Amino acid sequence: MILGVIADDFTGATDVASMLVRAGTQTVQVLGVPEAGLPEADAVVIALKTRTIPAADAVAQSLQAMAALRHAGARQIYFKY
């Protein structure tokens, strides 16, 4: 995986994913952090709902997403907020 993206909402995640696809990058978007691991692709975009939850929960979910991306081998991680 070249790029892992953590987005704080579905709309932002879709925006990033569509731009990556338009640039020719094999991209997968998922809702939340899958329990079974992330799919294989050049870029994986994780859509969270962290804008509307308590800050501590948002941080915990974002860190969980980052850990999943790193475990899947992401070379770079981008946080879209």
# chains A, B, ... in the order shown; residues from 1 in each chain; ligands from 1
call {"tool": "residues_around", "arguments": {"residues": "Ala58 (chain A)", "least_positions_apart": "3", "cutoff": "12 Å", "atoms": "only C-alpha atoms", "output": "mmCIF file with N, CA and C atoms, in the first residue's frame"}}
result
data_model
loop_
_atom_site.group_PDB
_atom_site.id
_atom_site.type_symbol
_atom_site.label_atom_id
_atom_site.label_comp_id
_atom_site.auth_asym_id
_atom_site.auth_seq_id
_atom_site.Cartn_x
_atom_site.Cartn_y
_atom_site.Cartn_z
ATOM 1 N N ILE A 6 -7.031 8.541 6.376
ATOM 2 C CA ILE A 6 -8.025 8.528 7.446
ATOM 3 C C ILE A 6 -8.849 9.797 7.269
ATOM 4 N N ALA A 7 -10.149 9.639 7.051
ATOM 5 C CA ALA A 7 -11.030 10.791 6.849
ATOM 6 C C ALA A 7 -12.021 10.884 8.002
ATOM 7 N N ASP A 8 -12.342 12.103 8.411
ATOM 8 C CA ASP A 8 -13.240 12.280 9.549
ATOM 9 C C ASP A 8 -14.720 12.183 9.190
ATOM 10 N N ASP A 9 -15.021 12.041 7.907
ATOM 11 C CA ASP A 9 -16.407 11.821 7.493
ATOM 12 C C ASP A 9 -16.442 11.152 6.124
ATOM 13 N N GLY A 32 -15.288 2.811 8.411
ATOM 14 C CA GLY A 32 -14.759 2.342 9.681
ATOM 15 C C GLY A 32 -13.586 1.405 9.456
ATOM 16 N N LEU A 48 -14.338 7.576 8.652
ATOM 17 C CA LEU A 48 -14.813 7.530 10.031
ATOM 18 C C LEU A 48 -15.929 8.563 10.217
ATOM 19 N N LYS A 49 -16.557 8.547 11.373
ATOM 20 C CA LYS A 49 -17.561 9.565 11.723
ATOM 21 C C LYS A 49 -17.071 10.301 12.969
ATOM 22 N N THR A 50 -15.857 10.801 12.899
ATOM 23 C CA THR A 50 -15.239 11.376 14.090
ATOM 24 C C THR A 50 -15.548 12.851 14.311
ATOM 25 N N ARG A 51 -16.213 13.478 13.374
ATOM 26 C CA ARG A 51 -16.557 14.887 13.546
ATOM 27 C C ARG A 51 -17.618 15.112 14.608
ATOM 28 N N THR A 52 -18.469 14.142 14.793
ATOM 29 C CA THR A 52 -19.655 14.345 15.622
ATOM 30 C C THR A 52 -19.646 13.539 16.915
ATOM 31 N N ILE A 53 -18.491 13.027 17.308
ATOM 32 C CA ILE A 53 -18.411 12.250 18.543
ATOM 33 C C ILE A 53 -17.460 12.952 19.515
ATOM 34 N N PRO A 54 -17.483 12.556 20.777
ATOM 35 C CA PRO A 54 -16.565 13.176 21.742
ATOM 36 C C PRO A 54 -15.104 13.067 21.289
ATOM 37 N N ALA A 55 -14.330 14.080 21.618
ATOM 38 C CA ALA A 55 -12.940 14.168 21.163
ATOM 39 C C ALA A 55 -12.125 12.929 21.516
ATOM 40 N N GLN A 61 -10.479 6.327 17.706
ATOM 41 C CA GLN A 61 -10.809 5.729 16.419
ATOM 42 C C GLN A 61 -9.760 6.068 15.361
ATOM 43 N N SER A 62 -9.297 7.304 15.372
ATOM 44 C CA SER A 62 -8.281 7.716 14.399
ATOM 45 C C SER A 62 -6.978 6.945 14.612
ATOM 46 N N LEU A 63 -6.592 6.751 15.861
ATOM 47 C CA LEU A 63 -5.384 5.983 16.149
ATOM 48 C C LEU A 63 -5.556 4.512 15.770
ATOM 49 N N GLN A 64 -6.759 3.968 15.954
ATOM 50 C CA GLN A 64 -7.035 2.590 15.535
ATOM 51 C C GLN A 64 -6.909 2.474 14.017
ATOM 52 N N ALA A 65 -7.433 3.462 13.301
ATOM 53 C CA ALA A 65 -7.333 3.459 11.838
ATOM 54 C C ALA A 65 -5.876 3.548 11.406
ATOM 55 N N TYR A 81 -9.243 16.011 7.172
ATOM 56 C CA TYR A 81 -10.259 16.566 8.064
ATOM 57 C C TYR A 81 -10.888 17.787 7.467
#
call {"tool": "closest_atom_pairs", "arguments": {"of": "region 39-70 of chain A", "to": "region 1-5 of chain A", "cutoff": "10 Å", "atoms": "only C-alpha atoms", "output": "tab-separated table"}}
result
residue	atom	partner	partner_atom	distance
A:Pro39	CA	A:Met1	CA	9.7
A:Glu40	CA	A:Met1	CA	7.1
A:Ala41	CA	A:Met1	CA	5.9
A:Asp42	CA	A:Met1	CA	4.6
A:Ala43	CA	A:Leu3	CA	4.7
A:Val44	CA	A:Gly4	CA	5.0
A:Val45	CA	A:Val5	CA	4.5
A:Ile46	CA	A:Val5	CA	6.0
A:Ala47	CA	A:Val5	CA	8.4
A:Ala65	CA	A:Val5	CA	8.9
A:Met66	CA	A:Gly4	CA	8.1
A:Ala68	CA	A:Gly4	CA	9.4
A:Leu69	CA	A:Gly4	CA	5.9
A:Arg70	CA	A:Gly4	CA	8.2
call {"tool": "write_last_selection", "arguments": {"atoms": "C-alpha atoms", "output": "PDB file, in the first residue's frame"}}
result
ATOM      1  CA  PRO A  39      -8.192  -4.876   1.536  1.00  0.00           C
ATOM      2  CA  GLU A  40      -5.142  -4.836  -0.725  1.00  0.00           C
ATOM      3  CA  ALA A  41      -4.845  -1.744  -2.925  1.00  0.00           C
ATOM      4  CA  ASP A  42      -2.418   1.047  -3.776  1.00  0.00           C
ATOM      5  CA  ALA A  43      -4.473   3.341  -1.529  1.00  0.00           C
ATOM      6  CA  VAL A  44      -6.991   2.600   1.210  1.00  0.00           C
ATOM      7  CA  VAL A  45      -9.296   5.341   2.457  1.00  0.00           C
ATOM      8  CA  ILE A  46     -10.927   4.782   5.851  1.00  0.00           C
ATOM      9  CA  ALA A  47     -14.085   6.841   6.377  1.00  0.00           C
ATOM     10  CA  ALA A  65      -7.333   3.459  11.838  1.00  0.00           C
ATOM     11  CA  MET A  66      -3.685   4.533  11.720  1.00  0.00           C
ATOM     12  CA  ALA A  68      -4.569  -0.738  10.847  1.00  0.00           C
ATOM     13  CA  LEU A  69      -3.032   1.171   7.938  1.00  0.00           C
ATOM     14  CA  ARG A  70       0.484   0.760   9.307  1.00  0.00           C
TER      15      ARG A  70
END
call {"tool": "select_by_dssp", "arguments": {"residues": "chain A", "states": "helix (DSSP H, G or I)", "output": "tab-separated table (two decimals) with C-alpha atoms, in the first residue's frame"}}
result
chain	number	residue	atom	x	y	z
A	10	PHE	CA	-17.76	9.88	4.53
A	11	THR	CA	-17.93	12.88	2.19
A	12	GLY	CA	-14.28	13.82	2.67
A	13	ALA	CA	-13.26	10.19	2.25
A	14	THR	CA	-15.17	9.96	-1.02
A	15	ASP	CA	-13.57	13.17	-2.28
A	16	VAL	CA	-10.06	11.84	-1.65
A	17	ALA	CA	-10.87	8.38	-3.05
A	18	SER	CA	-12.33	9.82	-6.25
A	19	MET	CA	-9.27	12.01	-6.85
A	20	LEU	CA	-6.96	9.04	-6.32
A	21	VAL	CA	-8.98	6.90	-8.74
A	22	ARG	CA	-8.97	9.72	-11.30
A	50	THR	CA	-15.24	11.38	14.09
A	51	ARG	CA	-16.56	14.89	13.55
A	52	THR	CA	-19.65	14.34	15.62
A	55	ALA	CA	-12.94	14.17	21.16
A	56	ALA	CA	-11.48	11.25	23.13
A	57	ASP	CA	-13.49	8.77	21.04
A	58	ALA	CA	-12.46	10.52	17.82
A	59	VAL	CA	-8.79	10.31	18.77
A	60	ALA	CA	-9.11	6.63	19.72
A	61	GLN	CA	-10.81	5.73	16.42
A	62	SER	CA	-8.28	7.72	14.40
A	63	LEU	CA	-5.38	5.98	16.15
A	64	GLN	CA	-7.03	2.59	15.54
A	65	ALA	CA	-7.33	3.46	11.84
A	66	MET	CA	-3.68	4.53	11.72
A	67	ALA	CA	-2.57	1.30	13.38
A	68	ALA	CA	-4.57	-0.74	10.85
A	69	LEU	CA	-3.03	1.17	7.94
A	70	ARG	CA	0.48	0.76	9.31
A	71	HIS	CA	-0.13	-2.95	9.91
call {"tool": "atom_distance", "arguments": {"atom1": "CA of Ala36 (chain A)", "atom2": "CA of Ile77 (chain A)"}}
result
19.9 Å
call {"tool": "atom_distance", "arguments": {"atom1": "CA of Leu38 (chain A)", "atom2": "CA of Arg75 (chain A)"}}
result
14.4 Å
call {"tool": "select_by_dssp", "arguments": {"residues": "region 9-75 of chain A", "states": "strand (DSSP E or B)", "output": "ChimeraX atom specification"}}
result
/A:27-31,43-47
call {"tool": "atom_distance", "arguments": {"atom1": "CA of Ala23 (chain A)", "atom2": "CA of Gln76 (chain A)"}}
result
17.0 Å
